[in-house]
>>> print(open('data_14.cif').read())   # mmCIF, N, CA and C atoms
data_final
#
loop_
_atom_site.label_atom_id
_atom_site.label_comp_id
_atom_site.auth_asym_id
_atom_site.auth_seq_id
_atom_site.Cartn_x
_atom_site.Cartn_y
_atom_site.Cartn_z
N MET A 292 -0.96 201.44 28.77
CA MET A 292 -0.93 201.07 30.16
C MET A 292 -0.58 199.59 30.25
N SER A 293 0.29 199.24 31.15
CA SER A 293 0.64 197.84 31.36
C SER A 293 0.24 197.41 32.76
N PHE A 294 0.33 196.12 32.98
CA PHE A 294 -0.05 195.60 34.27
C PHE A 294 1.08 194.80 34.87
N SER A 295 0.90 194.45 36.13
CA SER A 295 1.94 193.71 36.83
C SER A 295 1.91 192.23 36.45
N ASN A 296 2.84 191.51 37.00
CA ASN A 296 2.93 190.09 36.69
C ASN A 296 1.91 189.24 37.40
N THR A 297 1.16 189.80 38.31
CA THR A 297 0.10 189.04 38.99
C THR A 297 -1.14 189.90 39.10
N ASN A 298 -2.25 189.25 39.39
CA ASN A 298 -3.48 190.00 39.64
C ASN A 298 -4.29 189.28 40.70
N GLN A 299 -5.35 189.93 41.13
CA GLN A 299 -6.15 189.40 42.22
C GLN A 299 -7.17 188.37 41.75
N SER A 300 -7.41 188.23 40.47
CA SER A 300 -8.48 187.36 39.99
C SER A 300 -8.09 185.89 39.95
N GLY A 301 -6.84 185.57 40.22
CA GLY A 301 -6.42 184.19 40.19
C GLY A 301 -5.99 183.70 38.82
N HIS A 302 -5.98 184.56 37.84
CA HIS A 302 -5.60 184.16 36.48
C HIS A 302 -4.11 184.31 36.24
N GLY A 303 -3.38 184.78 37.24
CA GLY A 303 -1.95 184.98 37.05
C GLY A 303 -1.70 186.27 36.30
N GLY A 304 -0.54 186.41 35.83
CA GLY A 304 -0.18 187.60 35.08
C GLY A 304 0.66 187.22 33.89
N LEU A 305 1.58 188.06 33.55
CA LEU A 305 2.42 187.81 32.38
C LEU A 305 3.29 186.57 32.53
N THR A 306 3.59 186.19 33.76
CA THR A 306 4.46 185.04 33.97
C THR A 306 3.70 183.73 34.19
N HIS A 307 2.38 183.80 34.20
CA HIS A 307 1.59 182.58 34.36
C HIS A 307 1.89 181.65 33.17
N PRO A 308 2.04 180.36 33.40
CA PRO A 308 2.39 179.44 32.31
C PRO A 308 1.41 179.49 31.13
N ASP A 309 0.12 179.65 31.39
CA ASP A 309 -0.85 179.73 30.29
C ASP A 309 -0.65 181.01 29.47
N THR A 310 -0.31 182.09 30.15
CA THR A 310 -0.05 183.36 29.46
C THR A 310 1.21 183.27 28.62
N VAL A 311 2.26 182.73 29.21
CA VAL A 311 3.53 182.56 28.49
C VAL A 311 3.31 181.69 27.25
N ARG A 312 2.61 180.59 27.42
CA ARG A 312 2.34 179.67 26.30
C ARG A 312 1.50 180.36 25.22
N ALA A 313 0.48 181.09 25.63
CA ALA A 313 -0.38 181.77 24.66
C ALA A 313 0.40 182.79 23.85
N PHE A 314 1.20 183.61 24.53
CA PHE A 314 1.96 184.62 23.78
C PHE A 314 3.09 184.01 22.96
N ARG A 315 3.64 182.89 23.39
CA ARG A 315 4.64 182.21 22.57
C ARG A 315 4.00 181.74 21.26
N THR A 316 2.81 181.17 21.37
CA THR A 316 2.09 180.71 20.18
C THR A 316 1.77 181.88 19.26
N VAL A 317 1.22 182.95 19.84
CA VAL A 317 0.88 184.13 19.04
C VAL A 317 2.12 184.70 18.37
N ARG A 318 3.20 184.80 19.13
CA ARG A 318 4.45 185.34 18.58
C ARG A 318 4.94 184.50 17.40
N GLN A 319 4.89 183.19 17.52
CA GLN A 319 5.34 182.31 16.43
C GLN A 319 4.46 182.48 15.20
N LEU A 320 3.16 182.54 15.39
CA LEU A 320 2.24 182.72 14.27
C LEU A 320 2.47 184.07 13.59
N VAL A 321 2.66 185.11 14.39
CA VAL A 321 2.86 186.46 13.83
C VAL A 321 4.20 186.56 13.12
N ILE A 322 5.23 185.94 13.66
CA ILE A 322 6.54 185.94 12.98
C ILE A 322 6.43 185.21 11.64
N ALA A 323 5.70 184.11 11.60
CA ALA A 323 5.50 183.40 10.34
C ALA A 323 4.73 184.27 9.35
N TYR A 324 3.71 184.97 9.83
CA TYR A 324 2.93 185.89 8.99
C TYR A 324 3.82 187.01 8.45
N LEU A 325 4.63 187.59 9.31
CA LEU A 325 5.54 188.65 8.89
C LEU A 325 6.54 188.12 7.87
N GLY A 326 7.13 186.97 8.15
CA GLY A 326 8.10 186.38 7.22
C GLY A 326 7.49 186.10 5.87
N LEU A 327 6.31 185.48 5.86
CA LEU A 327 5.63 185.18 4.60
C LEU A 327 5.30 186.46 3.84
N SER A 328 4.88 187.49 4.56
CA SER A 328 4.56 188.77 3.92
C SER A 328 5.78 189.40 3.27
N LEU A 329 6.91 189.34 3.96
CA LEU A 329 8.13 189.94 3.40
C LEU A 329 8.65 189.13 2.22
N VAL A 330 8.58 187.81 2.30
CA VAL A 330 8.99 186.97 1.17
C VAL A 330 8.08 187.27 -0.03
N THR A 331 6.80 187.44 0.23
CA THR A 331 5.86 187.76 -0.85
C THR A 331 6.23 189.09 -1.52
N LEU A 332 6.60 190.07 -0.72
CA LEU A 332 7.02 191.36 -1.30
C LEU A 332 8.24 191.19 -2.20
N VAL A 333 9.20 190.39 -1.77
CA VAL A 333 10.39 190.13 -2.58
C VAL A 333 9.97 189.47 -3.90
N VAL A 334 9.08 188.49 -3.82
CA VAL A 334 8.61 187.81 -5.03
C VAL A 334 7.88 188.79 -5.94
N ILE A 335 7.05 189.64 -5.38
CA ILE A 335 6.32 190.62 -6.18
C ILE A 335 7.28 191.53 -6.93
N PHE A 336 8.29 192.03 -6.24
CA PHE A 336 9.23 192.92 -6.91
C PHE A 336 10.11 192.17 -7.91
N ALA A 337 10.39 190.91 -7.66
CA ALA A 337 11.18 190.11 -8.61
C ALA A 337 10.39 189.80 -9.88
N MET A 338 9.07 189.65 -9.76
CA MET A 338 8.22 189.31 -10.91
C MET A 338 7.46 190.52 -11.44
N LYS A 339 7.87 191.69 -11.06
CA LYS A 339 7.14 192.91 -11.40
C LYS A 339 6.89 193.07 -12.90
N GLY A 340 7.77 192.59 -13.72
CA GLY A 340 7.61 192.74 -15.16
C GLY A 340 6.62 191.77 -15.79
N ASP A 341 6.25 190.73 -15.10
CA ASP A 341 5.30 189.73 -15.60
C ASP A 341 3.89 190.13 -15.17
N HIS A 342 3.17 190.79 -16.06
CA HIS A 342 1.85 191.33 -15.70
C HIS A 342 0.79 190.26 -15.49
N SER A 343 1.05 189.03 -15.92
CA SER A 343 0.10 187.96 -15.63
C SER A 343 0.24 187.49 -14.18
N MET A 344 1.40 187.75 -13.57
CA MET A 344 1.66 187.32 -12.20
C MET A 344 1.56 188.46 -11.19
N VAL A 345 1.91 189.67 -11.63
CA VAL A 345 1.90 190.83 -10.74
C VAL A 345 1.21 191.99 -11.44
N ASN A 346 0.01 192.31 -10.96
CA ASN A 346 -0.69 193.49 -11.46
C ASN A 346 -0.73 194.53 -10.34
N GLN A 347 -1.40 195.62 -10.56
CA GLN A 347 -1.46 196.68 -9.55
C GLN A 347 -2.13 196.20 -8.26
N ALA A 348 -3.16 195.37 -8.39
CA ALA A 348 -3.84 194.85 -7.21
C ALA A 348 -2.90 193.99 -6.37
N VAL A 349 -2.08 193.17 -7.03
CA VAL A 349 -1.13 192.31 -6.32
C VAL A 349 -0.09 193.18 -5.61
N MET A 350 0.40 194.19 -6.30
CA MET A 350 1.39 195.09 -5.71
C MET A 350 0.81 195.80 -4.48
N SER A 351 -0.37 196.36 -4.61
CA SER A 351 -1.01 197.06 -3.49
C SER A 351 -1.29 196.12 -2.34
N ARG A 352 -1.81 194.95 -2.65
CA ARG A 352 -2.14 193.97 -1.60
C ARG A 352 -0.88 193.51 -0.88
N GLY A 353 0.18 193.26 -1.62
CA GLY A 353 1.43 192.82 -1.02
C GLY A 353 1.99 193.84 -0.05
N ILE A 354 1.95 195.10 -0.44
CA ILE A 354 2.44 196.16 0.43
C ILE A 354 1.53 196.30 1.66
N GLY A 355 0.23 196.25 1.44
CA GLY A 355 -0.72 196.35 2.55
C GLY A 355 -0.57 195.22 3.55
N VAL A 356 -0.38 194.01 3.06
CA VAL A 356 -0.21 192.85 3.93
C VAL A 356 1.08 192.99 4.74
N ALA A 357 2.15 193.44 4.10
CA ALA A 357 3.41 193.61 4.82
C ALA A 357 3.27 194.65 5.93
N ILE A 358 2.57 195.73 5.65
CA ILE A 358 2.34 196.76 6.68
C ILE A 358 1.51 196.18 7.83
N SER A 359 0.46 195.44 7.49
CA SER A 359 -0.38 194.85 8.55
C SER A 359 0.42 193.83 9.35
N ALA A 360 1.33 193.13 8.72
CA ALA A 360 2.16 192.15 9.44
C ALA A 360 3.11 192.84 10.41
N VAL A 361 3.69 193.96 9.99
CA VAL A 361 4.57 194.71 10.89
C VAL A 361 3.76 195.23 12.08
N LEU A 362 2.59 195.79 11.83
CA LEU A 362 1.74 196.29 12.91
C LEU A 362 1.34 195.16 13.86
N THR A 363 0.97 194.03 13.30
CA THR A 363 0.58 192.88 14.12
C THR A 363 1.76 192.43 14.99
N PHE A 364 2.96 192.46 14.43
CA PHE A 364 4.16 192.10 15.19
C PHE A 364 4.38 193.07 16.35
N VAL A 365 4.23 194.35 16.09
CA VAL A 365 4.40 195.37 17.14
C VAL A 365 3.34 195.20 18.22
N PHE A 366 2.09 195.01 17.81
CA PHE A 366 1.01 194.81 18.79
C PHE A 366 1.27 193.57 19.64
N THR A 367 1.78 192.52 19.04
CA THR A 367 2.07 191.29 19.78
C THR A 367 3.14 191.54 20.83
N ALA A 368 4.21 192.21 20.44
CA ALA A 368 5.30 192.47 21.38
C ALA A 368 4.81 193.33 22.55
N LYS A 369 4.04 194.36 22.24
CA LYS A 369 3.54 195.24 23.30
C LYS A 369 2.51 194.54 24.19
N ALA A 370 1.65 193.73 23.58
CA ALA A 370 0.66 193.01 24.36
C ALA A 370 1.34 192.00 25.29
N ALA A 371 2.34 191.32 24.80
CA ALA A 371 3.07 190.35 25.63
C ALA A 371 3.79 191.03 26.79
N ALA A 372 4.09 192.32 26.61
CA ALA A 372 4.72 193.09 27.69
C ALA A 372 3.68 193.70 28.63
N GLY A 373 2.39 193.49 28.33
CA GLY A 373 1.35 193.94 29.24
C GLY A 373 0.50 195.11 28.77
N SER A 374 0.65 195.55 27.52
CA SER A 374 -0.14 196.67 27.04
C SER A 374 -1.57 196.23 26.72
N ARG A 375 -2.50 196.74 27.48
CA ARG A 375 -3.92 196.43 27.27
C ARG A 375 -4.39 196.93 25.90
N GLY A 376 -3.96 198.13 25.52
CA GLY A 376 -4.36 198.69 24.23
C GLY A 376 -3.84 197.86 23.06
N ALA A 377 -2.59 197.44 23.14
CA ALA A 377 -2.02 196.61 22.07
C ALA A 377 -2.73 195.26 22.01
N PHE A 378 -3.06 194.70 23.17
CA PHE A 378 -3.80 193.44 23.18
C PHE A 378 -5.15 193.62 22.51
N ARG A 379 -5.84 194.69 22.85
CA ARG A 379 -7.15 194.96 22.25
C ARG A 379 -7.04 195.09 20.73
N ARG A 380 -6.04 195.82 20.27
CA ARG A 380 -5.85 195.98 18.82
C ARG A 380 -5.57 194.63 18.16
N LEU A 381 -4.70 193.84 18.77
CA LEU A 381 -4.37 192.52 18.24
C LEU A 381 -5.59 191.62 18.22
N ARG A 382 -6.35 191.66 19.28
CA ARG A 382 -7.54 190.82 19.42
C ARG A 382 -8.61 191.15 18.37
N PHE A 383 -8.76 192.42 18.05
CA PHE A 383 -9.77 192.80 17.06
C PHE A 383 -9.24 192.80 15.64
N LEU A 384 -7.97 193.12 15.46
CA LEU A 384 -7.40 193.20 14.11
C LEU A 384 -7.28 191.82 13.46
N SER A 385 -6.87 190.82 14.22
CA SER A 385 -6.63 189.51 13.61
C SER A 385 -7.88 188.91 12.94
N PRO A 386 -9.05 188.89 13.57
CA PRO A 386 -10.21 188.34 12.86
C PRO A 386 -10.67 189.22 11.70
N ILE A 387 -10.46 190.53 11.82
CA ILE A 387 -10.82 191.42 10.70
C ILE A 387 -9.94 191.10 9.49
N LEU A 388 -8.65 190.91 9.72
CA LEU A 388 -7.74 190.56 8.63
C LEU A 388 -8.13 189.22 8.01
N VAL A 389 -8.55 188.27 8.83
CA VAL A 389 -8.99 186.97 8.30
C VAL A 389 -10.20 187.18 7.39
N ALA A 390 -11.14 188.00 7.81
CA ALA A 390 -12.33 188.26 7.00
C ALA A 390 -11.97 188.92 5.67
N VAL A 391 -11.04 189.87 5.71
CA VAL A 391 -10.59 190.53 4.48
C VAL A 391 -9.93 189.52 3.55
N ILE A 392 -9.14 188.63 4.12
CA ILE A 392 -8.48 187.61 3.30
C ILE A 392 -9.50 186.69 2.64
N VAL A 393 -10.56 186.33 3.35
CA VAL A 393 -11.61 185.50 2.77
C VAL A 393 -12.21 186.19 1.55
N VAL A 394 -12.45 187.49 1.66
CA VAL A 394 -12.99 188.26 0.53
C VAL A 394 -11.99 188.28 -0.63
N ILE A 395 -10.73 188.52 -0.33
CA ILE A 395 -9.68 188.57 -1.37
C ILE A 395 -9.62 187.25 -2.13
N VAL A 396 -9.63 186.16 -1.39
CA VAL A 396 -9.53 184.83 -2.02
C VAL A 396 -10.78 184.54 -2.84
N ALA A 397 -11.93 185.04 -2.41
CA ALA A 397 -13.19 184.77 -3.11
C ALA A 397 -13.37 185.63 -4.37
N LEU A 398 -12.66 186.74 -4.46
CA LEU A 398 -12.82 187.61 -5.63
C LEU A 398 -12.35 186.91 -6.90
N PRO A 399 -13.21 186.82 -7.88
CA PRO A 399 -12.78 186.16 -9.13
C PRO A 399 -11.92 187.10 -9.98
N GLY A 400 -10.80 186.57 -10.46
CA GLY A 400 -9.99 187.25 -11.46
C GLY A 400 -9.07 188.37 -11.00
N THR A 401 -9.24 188.94 -9.83
CA THR A 401 -8.42 190.08 -9.42
C THR A 401 -6.99 189.68 -9.09
N TYR A 402 -6.84 188.54 -8.42
CA TYR A 402 -5.53 188.10 -7.96
C TYR A 402 -5.18 186.76 -8.59
N PRO A 403 -3.90 186.57 -8.95
CA PRO A 403 -3.50 185.29 -9.52
C PRO A 403 -3.53 184.19 -8.44
N LEU A 404 -3.55 182.95 -8.90
CA LEU A 404 -3.65 181.81 -7.99
C LEU A 404 -2.54 181.80 -6.95
N TRP A 405 -1.32 182.15 -7.33
CA TRP A 405 -0.21 182.09 -6.37
C TRP A 405 -0.47 183.03 -5.19
N MET A 406 -1.07 184.20 -5.46
CA MET A 406 -1.33 185.15 -4.39
C MET A 406 -2.49 184.67 -3.53
N LYS A 407 -3.47 184.04 -4.14
CA LYS A 407 -4.59 183.50 -3.34
C LYS A 407 -4.10 182.41 -2.40
N ILE A 408 -3.18 181.59 -2.87
CA ILE A 408 -2.61 180.55 -2.01
C ILE A 408 -1.82 181.20 -0.86
N GLU A 409 -1.05 182.22 -1.17
CA GLU A 409 -0.30 182.94 -0.14
C GLU A 409 -1.25 183.57 0.87
N GLN A 410 -2.35 184.11 0.39
CA GLN A 410 -3.33 184.74 1.27
C GLN A 410 -4.02 183.71 2.17
N VAL A 411 -4.29 182.52 1.65
CA VAL A 411 -4.86 181.45 2.47
C VAL A 411 -3.89 181.11 3.60
N ALA A 412 -2.60 181.02 3.29
CA ALA A 412 -1.60 180.74 4.33
C ALA A 412 -1.58 181.85 5.37
N CYS A 413 -1.61 183.10 4.93
CA CYS A 413 -1.66 184.22 5.87
C CYS A 413 -2.92 184.16 6.72
N GLY A 414 -4.03 183.84 6.09
CA GLY A 414 -5.30 183.75 6.80
C GLY A 414 -5.30 182.67 7.87
N LEU A 415 -4.69 181.53 7.57
CA LEU A 415 -4.62 180.46 8.56
C LEU A 415 -3.74 180.86 9.75
N LEU A 416 -2.64 181.55 9.47
CA LEU A 416 -1.79 182.04 10.56
C LEU A 416 -2.55 183.04 11.43
N LEU A 417 -3.25 183.96 10.80
CA LEU A 417 -4.00 184.97 11.54
C LEU A 417 -5.21 184.37 12.25
N LEU A 418 -5.77 183.33 11.70
CA LEU A 418 -6.87 182.65 12.38
C LEU A 418 -6.37 182.07 13.71
N GLY A 419 -5.17 181.52 13.69
CA GLY A 419 -4.58 181.04 14.93
C GLY A 419 -4.40 182.15 15.94
N VAL A 420 -3.94 183.31 15.47
CA VAL A 420 -3.77 184.47 16.35
C VAL A 420 -5.13 184.88 16.93
N ALA A 421 -6.14 184.92 16.08
CA ALA A 421 -7.48 185.31 16.53
C ALA A 421 -8.03 184.34 17.57
N VAL A 422 -7.81 183.06 17.36
CA VAL A 422 -8.32 182.06 18.30
C VAL A 422 -7.64 182.21 19.66
N VAL A 423 -6.33 182.36 19.65
CA VAL A 423 -5.60 182.46 20.93
C VAL A 423 -5.92 183.77 21.64
N THR A 424 -5.91 184.89 20.92
CA THR A 424 -6.13 186.18 21.58
C THR A 424 -7.58 186.36 22.02
N ASN A 425 -8.48 185.66 21.39
CA ASN A 425 -9.88 185.74 21.81
C ASN A 425 -10.26 184.59 22.74
N GLY A 426 -9.28 183.81 23.14
CA GLY A 426 -9.51 182.72 24.09
C GLY A 426 -9.77 183.26 25.49
N ARG A 427 -10.36 182.44 26.31
CA ARG A 427 -10.79 182.86 27.64
C ARG A 427 -9.64 183.37 28.52
N HIS A 428 -8.51 182.67 28.50
CA HIS A 428 -7.43 183.04 29.41
C HIS A 428 -6.95 184.47 29.18
N LEU A 429 -6.57 184.80 27.95
CA LEU A 429 -6.05 186.15 27.69
C LEU A 429 -7.13 187.22 27.83
N ARG A 430 -8.33 186.92 27.36
CA ARG A 430 -9.41 187.91 27.51
C ARG A 430 -9.67 188.21 28.97
N THR A 431 -9.72 187.18 29.79
CA THR A 431 -9.96 187.35 31.22
C THR A 431 -8.80 188.09 31.87
N LEU A 432 -7.60 187.72 31.52
CA LEU A 432 -6.43 188.36 32.09
C LEU A 432 -6.43 189.86 31.83
N PHE A 433 -6.63 190.25 30.57
CA PHE A 433 -6.58 191.67 30.24
C PHE A 433 -7.82 192.42 30.72
N ALA A 434 -8.95 191.74 30.87
CA ALA A 434 -10.15 192.39 31.37
C ALA A 434 -10.09 192.68 32.85
N THR A 435 -9.34 191.86 33.59
CA THR A 435 -9.33 192.00 35.04
C THR A 435 -8.18 192.85 35.55
N LEU A 436 -7.34 193.30 34.67
CA LEU A 436 -6.18 194.09 35.13
C LEU A 436 -6.36 195.56 34.86
#
>>> encode(input="data_14.cif", output="C-alpha cells")
Amino acid sequence: MSFSNTNQSGHGGLTHPDTVRAFRTVRQLVIAYLGLSLVTLVVIFAMKGDHSMVNQAVMSRGIGVAISAVLTFVFTAKAAAGSRGAFRRLRFLSPILVAVIVVIVALPGTYPLWMKIEQVACGLLLLGVAVVTNGRHLRTLFATL
C-alpha cells in the first residue's frame, strides 16, 4: 500500500524536503552497501583457491550479504515510492543486519581480517540506514498515513 504526497498530520509526504533528503541519504548508503557487497563477491570468487583467504564461511557470508544488499535496495526503492510495508521491512532489517555484523566481527577465527574489515564497512553503512529510517520524521510520516 502506498500513500499520497501529502497528509493531514503536517509532516508532508513523499515530496516534503525532509522526506526527500532522508530517502536520498538512505538510497546512497544502500547503494554503497550493495556496491561493496558485489565487489566482495567478485573478490571472493577471484581468491577462491586461497583457503587462508576464502573458506566456506566466507563464501556463504559473501553470498548472504549480497542477497541482503539486493533486498535492502528493493525495500529502499519501494519505501521511497510510498510502500509502508517496504519501509517497515527496511526499518527493522537494517538494525538486525548491524547486530549480525557485530557478531560476525566478534567471532574469533571464523573469518579472515579482510572480511571483518569489509563487514565493519557494511555495518557502518547499515547503521546509517537504521538511524535515518528509525528517525522521527520517517517513522511519523509512515505511521500517520
>>> closest_residue(input="data_14.cif", among="A:Val365, A:Leu429, A:Val423, A:Ala348", to="Val317 of chain A", atoms="only N, CA and C atoms")
A:Val423
>>> resolve_selection(input="data_14.cif", expression="the PyMOL selection byres ((chain A and resi 380-388) around 7)", output="PDB file with N, CA and C atoms, keeping the file's coordinate frame")
ATOM      1  N   THR A 363       0.970 194.030  13.300  1.00  0.00           N
ATOM      2  CA  THR A 363       0.580 192.880  14.120  1.00  0.00           C
ATOM      3  C   THR A 363       1.760 192.430  14.990  1.00  0.00           C
ATOM      4  N   PHE A 366       2.090 195.010  17.810  1.00  0.00           N
ATOM      5  CA  PHE A 366       1.010 194.810  18.790  1.00  0.00           C
ATOM      6  C   PHE A 366       1.270 193.570  19.640  1.00  0.00           C
ATOM      7  N   THR A 367       1.780 192.520  19.040  1.00  0.00           N
ATOM      8  CA  THR A 367       2.070 191.290  19.780  1.00  0.00           C
ATOM      9  C   THR A 367       3.140 191.540  20.830  1.00  0.00           C
ATOM     10  N   ARG A 375      -2.500 196.740  27.480  1.00  0.00           N
ATOM     11  CA  ARG A 375      -3.920 196.430  27.270  1.00  0.00           C
ATOM     12  C   ARG A 375      -4.390 196.930  25.900  1.00  0.00           C
ATOM     13  N   GLY A 376      -3.960 198.130  25.520  1.00  0.00           N
ATOM     14  CA  GLY A 376      -4.360 198.690  24.230  1.00  0.00           C
ATOM     15  C   GLY A 376      -3.840 197.860  23.060  1.00  0.00           C
ATOM     16  N   ALA A 377      -2.590 197.440  23.140  1.00  0.00           N
ATOM     17  CA  ALA A 377      -2.020 196.610  22.070  1.00  0.00           C
ATOM     18  C   ALA A 377      -2.730 195.260  22.010  1.00  0.00           C
ATOM     19  N   PHE A 378      -3.060 194.700  23.170  1.00  0.00           N
ATOM     20  CA  PHE A 378      -3.800 193.440  23.180  1.00  0.00           C
ATOM     21  C   PHE A 378      -5.150 193.620  22.510  1.00  0.00           C
ATOM     22  N   ARG A 379      -5.840 194.690  22.850  1.00  0.00           N
ATOM     23  CA  ARG A 379      -7.150 194.960  22.250  1.00  0.00           C
ATOM     24  C   ARG A 379      -7.040 195.090  20.730  1.00  0.00           C
ATOM     25  N   VAL A 389      -8.550 188.270   8.830  1.00  0.00           N
ATOM     26  CA  VAL A 389      -8.990 186.970   8.300  1.00  0.00           C
ATOM     27  C   VAL A 389     -10.200 187.180   7.390  1.00  0.00           C
ATOM     28  N   ALA A 390     -11.140 188.000   7.810  1.00  0.00           N
ATOM     29  CA  ALA A 390     -12.330 188.260   7.000  1.00  0.00           C
ATOM     30  C   ALA A 390     -11.970 188.920   5.670  1.00  0.00           C
ATOM     31  N   VAL A 391     -11.040 189.870   5.710  1.00  0.00           N
ATOM     32  CA  VAL A 391     -10.590 190.530   4.480  1.00  0.00           C
ATOM     33  C   VAL A 391      -9.930 189.520   3.550  1.00  0.00           C
ATOM     34  N   ILE A 392      -9.140 188.630   4.120  1.00  0.00           N
ATOM     35  CA  ILE A 392      -8.480 187.610   3.300  1.00  0.00           C
ATOM     36  C   ILE A 392      -9.500 186.690   2.640  1.00  0.00           C
ATOM     37  N   VAL A 393     -10.560 186.330   3.350  1.00  0.00           N
ATOM     38  CA  VAL A 393     -11.610 185.500   2.770  1.00  0.00           C
ATOM     39  C   VAL A 393     -12.210 186.190   1.550  1.00  0.00           C
ATOM     40  N   GLY A 414      -4.030 183.840   6.090  1.00  0.00           N
ATOM     41  CA  GLY A 414      -5.300 183.750   6.800  1.00  0.00           C
ATOM     42  C   GLY A 414      -5.300 182.670   7.870  1.00  0.00           C
ATOM     43  N   LEU A 417      -3.250 183.960  10.800  1.00  0.00           N
ATOM     44  CA  LEU A 417      -4.000 184.970  11.540  1.00  0.00           C
ATOM     45  C   LEU A 417      -5.210 184.370  12.250  1.00  0.00           C
ATOM     46  N   LEU A 418      -5.770 183.330  11.700  1.00  0.00           N
ATOM     47  CA  LEU A 418      -6.870 182.650  12.380  1.00  0.00           C
ATOM     48  C   LEU A 418      -6.370 182.070  13.710  1.00  0.00           C
ATOM     49  N   VAL A 420      -3.940 183.310  15.470  1.00  0.00           N
ATOM     50  CA  VAL A 420      -3.770 184.470  16.350  1.00  0.00           C
ATOM     51  C   VAL A 420      -5.130 184.880  16.930  1.00  0.00           C
ATOM     52  N   ALA A 421      -6.140 184.920  16.080  1.00  0.00           N
ATOM     53  CA  ALA A 421      -7.480 185.310  16.530  1.00  0.00           C
ATOM     54  C   ALA A 421      -8.030 184.340  17.570  1.00  0.00           C
ATOM     55  N   THR A 424      -5.910 184.890  20.920  1.00  0.00           N
ATOM     56  CA  THR A 424      -6.130 186.180  21.580  1.00  0.00           C
ATOM     57  C   THR A 424      -7.580 186.360  22.020  1.00  0.00           C
ATOM     58  N   ASN A 425      -8.480 185.660  21.390  1.00  0.00           N
ATOM     59  CA  ASN A 425      -9.880 185.740  21.810  1.00  0.00           C
ATOM     60  C   ASN A 425     -10.260 184.590  22.740  1.00  0.00           C
TER      61      ASN A 425
END
>>> atom_distance(input="data_14.cif", atom1="atom C of Val330 of chain A", atom2="atom N of Ile395 of chain A")
18.9 Å
>>> residues_around(input="data_14.cif", residues="segment 336-346 of chain A", least_positions_apart="2", cutoff="8 Å", atoms="only N, CA and C atoms", output="NGL selection string")
:A and (330-334 or 348-352 or 401-406)
>>> atom_distance(input="data_14.cif", atom1="atom CA of Asp309 of chain A", atom2="atom C of Gly426 of chain A")
10.7 Å
>>> select_by_dssp(input="data_14.cif", residues="chain A", states="helix (DSSP H, G or I)", output="VMD selection string")
chain A and resid 308 to 337 347 to 371 375 to 397 404 to 424 427 to 435
>>> residues_around(input="data_14.cif", residues="Val356 of chain A", least_positions_apart="3", cutoff="9 Å", atoms="only C-alpha atoms", output="PyMOL selection string")
chain A and resi 325+328-329+351-353+359-361+413
>>> atom_distance(input="data_14.cif", atom1="atom CA of Phe314 of chain A", atom2="atom CA of Ala368 of chain A")
8.9 Å
>>> closest_residue(input="data_14.cif", among="A:Gln319, A:Gln410, A:Thr310, A:Gln347", to="Ala370 of chain A", atoms="only C-alpha atoms")
A:Thr310
>>> closest_residue(input="data_14.cif", among="A:Thr431, A:Ser374, A:Val311, A:Gly326", to="Ile358 of chain A", atoms="only C-alpha atoms")
A:Gly326
>>> axis_aligned_box(input="data_14.cif", around="segment 325-330 of chain A", padding_each_side="6 Å", output="lines of an AutoDock Vina configuration file")
center_x = 6.8
center_y = 187.6
center_z = 4.6
size_x = 16.4
size_y = 16.8
size_z = 21.3
>>> closest_residue(input="data_14.cif", among="A:Gly355, A:Pro399, A:Gly304, A:Gly419", to="Leu320 of chain A", atoms="all atoms listed in the file")
A:Gly419
>>> decode(input="data_14.cif", residues="segment 373-399 of chain A", atoms="C-alpha atoms", output="CSV table (one decimal), in the first residue's frame")
chain,number,residue,atom,x,y,z
A,373,GLY,CA,5.5,5.2,-0.5
A,374,SER,CA,5.2,1.5,0.4
A,375,ARG,CA,4.5,1.2,4.1
A,376,GLY,CA,5.4,-2.5,4.1
A,377,ALA,CA,8.8,-1.9,2.4
A,378,PHE,CA,9.5,0.9,4.9
A,379,ARG,CA,8.7,-1.3,7.8
A,380,ARG,CA,11.0,-4.1,6.4
A,381,LEU,CA,13.8,-1.6,5.8
A,382,ARG,CA,13.4,-0.1,9.3
A,383,PHE,CA,13.6,-3.4,11.1
A,384,LEU,CA,16.0,-5.2,8.8
A,385,SER,CA,18.8,-2.6,8.9
A,386,PRO,CA,19.4,-2.7,12.7
A,387,ILE,CA,19.1,-6.5,12.7
A,388,LEU,CA,21.8,-6.7,10.0
A,389,VAL,CA,24.0,-4.4,12.0
A,390,ALA,CA,23.6,-6.7,15.0
A,391,VAL,CA,24.5,-9.8,12.9
A,392,ILE,CA,27.6,-8.0,11.6
A,393,VAL,CA,28.7,-7.2,15.2
A,394,VAL,CA,28.5,-10.9,16.0
A,395,ILE,CA,30.4,-11.9,12.8
A,396,VAL,CA,33.2,-9.4,13.5
A,397,ALA,CA,33.4,-10.6,17.1
A,398,LEU,CA,33.7,-14.3,16.2
A,399,PRO,CA,37.3,-15.4,16.7
